[in-house]
Each structure stands twice: as C-alpha cells, then as structure tokens.
file target_6.cif (mmCIF, C-alpha atoms and all ligand atoms; chains and numbers go by the auth columns)
data_final
#
loop_
_atom_site.group_PDB
_atom_site.id
_atom_site.type_symbol
_atom_site.label_atom_id
_atom_site.label_comp_id
_atom_site.label_asym_id
_atom_site.label_seq_id
_atom_site.Cartn_x
_atom_site.Cartn_y
_atom_site.Cartn_z
_atom_site.B_iso_or_equiv
_atom_site.auth_seq_id
_atom_site.auth_asym_id
ATOM 1 C CA MET A 1 -8.496 -25.218 -15.155 0.00 1 A
ATOM 2 C CA SER A 2 -5.268 -24.203 -13.570 0.00 2 A
ATOM 3 C CA GLY A 3 -4.094 -21.117 -11.757 0.00 3 A
ATOM 4 C CA PRO A 4 -5.197 -19.415 -8.592 0.00 4 A
ATOM 5 C CA PRO A 5 -8.680 -19.837 -7.169 0.00 5 A
ATOM 6 C CA ALA A 6 -11.341 -17.631 -8.660 0.00 6 A
ATOM 7 C CA ASP A 7 -11.905 -14.263 -7.107 0.00 7 A
ATOM 8 C CA GLY A 8 -14.949 -14.370 -4.910 0.00 8 A
ATOM 9 C CA PRO A 9 -17.151 -11.353 -4.353 0.00 9 A
ATOM 10 C CA SER A 10 -16.111 -11.156 -0.743 0.00 10 A
ATOM 11 C CA LEU A 11 -12.424 -10.808 -1.503 0.00 11 A
ATOM 12 C CA THR A 12 -11.311 -7.353 -0.496 0.00 12 A
ATOM 13 C CA PRO A 13 -8.123 -6.030 -2.050 0.00 13 A
ATOM 14 C CA GLY A 14 -7.090 -4.026 0.980 0.00 14 A
ATOM 15 C CA THR A 15 -8.927 -1.048 2.355 0.00 15 A
ATOM 16 C CA VAL A 16 -8.534 2.677 2.589 0.00 16 A
ATOM 17 C CA PRO A 17 -10.310 4.347 5.513 0.00 17 A
ATOM 18 C CA GLY A 18 -13.750 5.508 4.454 0.00 18 A
ATOM 19 C CA TYR A 19 -13.802 3.419 1.304 0.00 19 A
ATOM 20 C CA ASP A 20 -15.237 0.128 0.199 0.00 20 A
ATOM 21 C CA ALA A 21 -13.438 -1.862 -2.450 0.00 21 A
ATOM 22 C CA ARG A 22 -14.041 -5.018 -4.423 0.00 22 A
ATOM 23 C CA LEU A 23 -12.039 -6.959 -6.903 0.00 23 A
ATOM 24 C CA VAL A 24 -13.442 -7.098 -10.398 0.00 24 A
ATOM 25 C CA PRO A 25 -12.282 -10.320 -12.042 0.00 25 A
ATOM 26 C CA ALA A 26 -11.233 -10.176 -15.663 0.00 26 A
ATOM 27 C CA PHE A 27 -14.289 -12.016 -16.914 0.00 27 A
ATOM 28 C CA ARG A 28 -16.558 -9.398 -15.357 0.00 28 A
ATOM 29 C CA ALA A 29 -14.635 -6.443 -16.742 0.00 29 A
ATOM 30 C CA ALA A 30 -16.709 -5.934 -19.857 0.00 30 A
ATOM 31 C CA LYS A 31 -16.004 -2.246 -20.361 0.00 31 A
ATOM 32 C CA ALA A 32 -13.008 0.005 -20.546 0.00 32 A
ATOM 33 C CA TYR A 33 -12.425 2.181 -17.507 0.00 33 A
ATOM 34 C CA HIS A 34 -10.163 5.028 -16.603 0.00 34 A
ATOM 35 C CA CYS A 35 -7.980 4.791 -13.559 0.00 35 A
ATOM 36 C CA PRO A 36 -8.262 7.980 -11.457 0.00 36 A
ATOM 37 C CA THR A 37 -4.707 7.820 -10.164 0.00 37 A
ATOM 38 C CA CYS A 38 -2.437 7.172 -13.089 0.00 38 A
ATOM 39 C CA GLU A 39 -4.958 8.499 -15.632 0.00 39 A
ATOM 40 C CA ARG A 40 -4.438 5.536 -17.876 0.00 40 A
ATOM 41 C CA PRO A 41 -7.107 3.251 -19.297 0.00 41 A
ATOM 42 C CA ILE A 42 -8.062 -0.116 -17.928 0.00 42 A
ATOM 43 C CA PRO A 43 -8.868 -2.164 -21.035 0.00 43 A
ATOM 44 C CA PRO A 44 -11.868 -4.493 -21.150 0.00 44 A
ATOM 45 C CA GLY A 45 -11.076 -7.958 -19.871 0.00 45 A
ATOM 46 C CA THR A 46 -8.558 -6.710 -17.314 0.00 46 A
ATOM 47 C CA GLY A 47 -9.067 -7.631 -13.697 0.00 47 A
ATOM 48 C CA HIS A 48 -9.039 -4.528 -11.521 0.00 48 A
ATOM 49 C CA VAL A 49 -10.432 -2.958 -8.355 0.00 49 A
ATOM 50 C CA VAL A 50 -13.587 -0.935 -7.959 0.00 50 A
ATOM 51 C CA ALA A 51 -13.722 1.381 -4.950 0.00 51 A
ATOM 52 C CA TRP A 52 -16.176 3.942 -3.665 0.00 52 A
ATOM 53 C CA PRO A 53 -16.662 6.172 -0.634 0.00 53 A
ATOM 54 C CA GLU A 54 -18.636 4.218 1.922 0.00 54 A
ATOM 55 C CA GLY A 55 -22.322 4.433 1.131 0.00 55 A
ATOM 56 C CA ILE A 56 -21.837 6.406 -2.105 0.00 56 A
ATOM 57 C CA VAL A 57 -21.723 3.713 -4.722 0.00 57 A
ATOM 58 C CA ASP A 58 -22.463 6.297 -7.409 0.00 58 A
ATOM 59 C CA GLU A 59 -18.963 7.664 -6.859 0.00 59 A
ATOM 60 C CA ARG A 60 -17.237 4.409 -7.527 0.00 60 A
ATOM 61 C CA ARG A 61 -14.033 4.420 -9.492 0.00 61 A
ATOM 62 C CA HIS A 62 -12.129 1.687 -11.213 0.00 62 A
ATOM 63 C CA TRP A 63 -8.474 1.285 -10.324 0.00 63 A
ATOM 64 C CA HIS A 64 -5.562 -0.766 -11.511 0.00 64 A
ATOM 65 C CA HIS A 65 -4.561 -3.336 -8.916 0.00 65 A
ATOM 66 C CA HIS A 66 -1.222 -1.683 -8.336 0.00 66 A
ATOM 67 C CA CYS A 67 -2.701 1.816 -8.146 0.00 67 A
ATOM 68 C CA TRP A 68 -5.196 0.720 -5.517 0.00 68 A
ATOM 69 C CA ARG A 69 -2.469 -1.031 -3.571 0.00 69 A
ATOM 70 C CA LEU A 70 -0.488 2.190 -3.481 0.00 70 A
ATOM 71 C CA ALA A 71 -3.531 4.056 -2.173 0.00 71 A
ATOM 72 C CA VAL A 72 -3.984 1.387 0.499 0.00 72 A
ATOM 73 C CA ARG A 73 -0.384 1.852 1.512 0.00 73 A
ATOM 74 C CA ARG A 74 -0.798 5.631 1.630 0.00 74 A
ATOM 75 C CA GLY A 75 -3.990 5.151 3.615 0.00 75 A
ATOM 76 C CA ARG A 76 -5.911 7.542 1.426 0.00 76 A
ATOM 77 C CA VAL A 77 -7.254 8.010 -2.046 0.00 77 A
ATOM 78 C CA SER A 78 -5.978 10.748 -4.255 0.00 78 A
ATOM 79 C CA GLY A 79 -8.565 11.094 -6.936 0.00 79 A
ATOM 80 C CA SER A 80 -9.410 13.612 -9.601 0.00 80 A
ATOM 81 C CA ARG A 81 -11.213 15.896 -7.189 0.00 81 A
ATOM 82 C CA ASP A 82 -8.354 15.866 -4.753 0.00 82 A
ATOM 83 C CA THR A 83 -4.753 17.055 -4.560 0.00 83 A
ATOM 84 C CA ARG A 84 -4.604 18.133 -8.177 0.00 84 A
ATOM 85 C CA GLY A 85 -3.582 21.613 -7.220 0.00 85 A
ATOM 86 C CA GLY A 86 -3.780 23.093 -10.692 0.00 86 A
ATOM 87 C CA ARG A 87 -6.164 25.848 -11.653 0.00 87 A
HETATM 88 ZN ZN ZN B . -3.815 3.160 -12.539 0.00 1 B
#
call {"tool": "encode", "arguments": {"input": "target_6.cif", "output": "structure tokens"}}
result
Amino acid sequence: MSGPPADGPSLTPGTVPGYDARLVPAFRAAKAYHCPTCERPIPPGTGHVVAWPEGIVDERRHWHHHCWRLAVRRGRVSGSRDTRGGR
C-alpha cells in the first residue's frame, strides 16, 4: 500500500458557514452523484465531498473536491435553489 494516508471520517475538507462537510473516499462512493455547482456527474468510485446544512442531513449534496473548495473560498454555497436567477 502506497500513497497518502486513508481518509478518516473526521477529516473535514474545509467548511462553509452553516454547513457540515465530510470527505467521501473513493471506496465508499458506490453510486453516481450530481454536483450541484458545476452540474456535472460524479462517477461511482470517485472520492468527493458530501455537505449539508447543519442539522439537515436530508439536504446533503455531493460535490467535486474542487467545487467544494471553491465554495469554501467564497464562504458560501451556491446550490440549485440559490442564485440561479432564471425563471
Ligand atoms: Zn462539480
């Protein structure tokens, strides 16, 4: 076994105020997901980030690592229910 240490459940990939986030390691990513920011799929077997509004786990979304990092840098989440602007 080589490479970086395994992702532990306590590893937090940065935070956005009001949100909880966890890393999902590749071996736990059994399903395909849809990233809310770039609107592109996250294929099965791809490590990514799952994030949800604090206390509302039902609203969790799966993000690409880089998309989540951008949200962390912005300090907020722009999701599908937010900032779309189109009617
Ligand atoms: Zn994305």
call {"tool": "residues_near_point", "arguments": {"input": "target_6.cif", "point": "(-11.4, -1.3, -17.4)", "cutoff": "12 Å", "atoms": "all atoms listed in the file", "output": "number ranges by chain"}}
result
A: 23-36, 39-50, 61-65
call {"tool": "closest_residue", "arguments": {"input": "target_6.cif", "among": "A:Val57, A:Ala21, A:Ala51, A:Val16", "to": "Arg73 of chain A", "atoms": "all atoms listed in the file"}}
result
A:Val16
call {"tool": "residues_around", "arguments": {"input": "target_6.cif", "residues": "Pro53 of chain A", "least_positions_apart": "6", "cutoff": "8 Å", "atoms": "all atoms listed in the file", "output": "count of residues only"}}
result
5
call {"tool": "residues_near_point", "arguments": {"input": "target_6.cif", "point": "(-5.1, 2.7, -0.9)", "cutoff": "10 Å", "atoms": "all atoms listed in the file", "output": "list in words"}}
result
Pro13, Gly14, Thr15, Val16, Pro17, Tyr19, Ala21, Ala51, His66, Cys67, Trp68, Arg69, Leu70, Ala71, Val72, Arg73, Arg74, Gly75, Arg76, Val77 and Ser78 of chain A
call {"tool": "write_last_selection", "arguments": {"input": "target_6.cif", "atoms": "C-alpha atoms", "output": "tab-separated table (two decimals), in the frame of the given file"}}
result
chain	number	residue	atom	x	y	z
A	13	PRO	CA	-8.12	-6.03	-2.05
A	14	GLY	CA	-7.09	-4.03	0.98
A	15	THR	CA	-8.93	-1.05	2.36
A	16	VAL	CA	-8.53	2.68	2.59
A	17	PRO	CA	-10.31	4.35	5.51
A	19	TYR	CA	-13.80	3.42	1.30
A	21	ALA	CA	-13.44	-1.86	-2.45
A	51	ALA	CA	-13.72	1.38	-4.95
A	66	HIS	CA	-1.22	-1.68	-8.34
A	67	CYS	CA	-2.70	1.82	-8.15
A	68	TRP	CA	-5.20	0.72	-5.52
A	69	ARG	CA	-2.47	-1.03	-3.57
A	70	LEU	CA	-0.49	2.19	-3.48
A	71	ALA	CA	-3.53	4.06	-2.17
A	72	VAL	CA	-3.98	1.39	0.50
A	73	ARG	CA	-0.38	1.85	1.51
A	74	ARG	CA	-0.80	5.63	1.63
A	75	GLY	CA	-3.99	5.15	3.62
A	76	ARG	CA	-5.91	7.54	1.43
A	77	VAL	CA	-7.25	8.01	-2.05
A	78	SER	CA	-5.98	10.75	-4.26
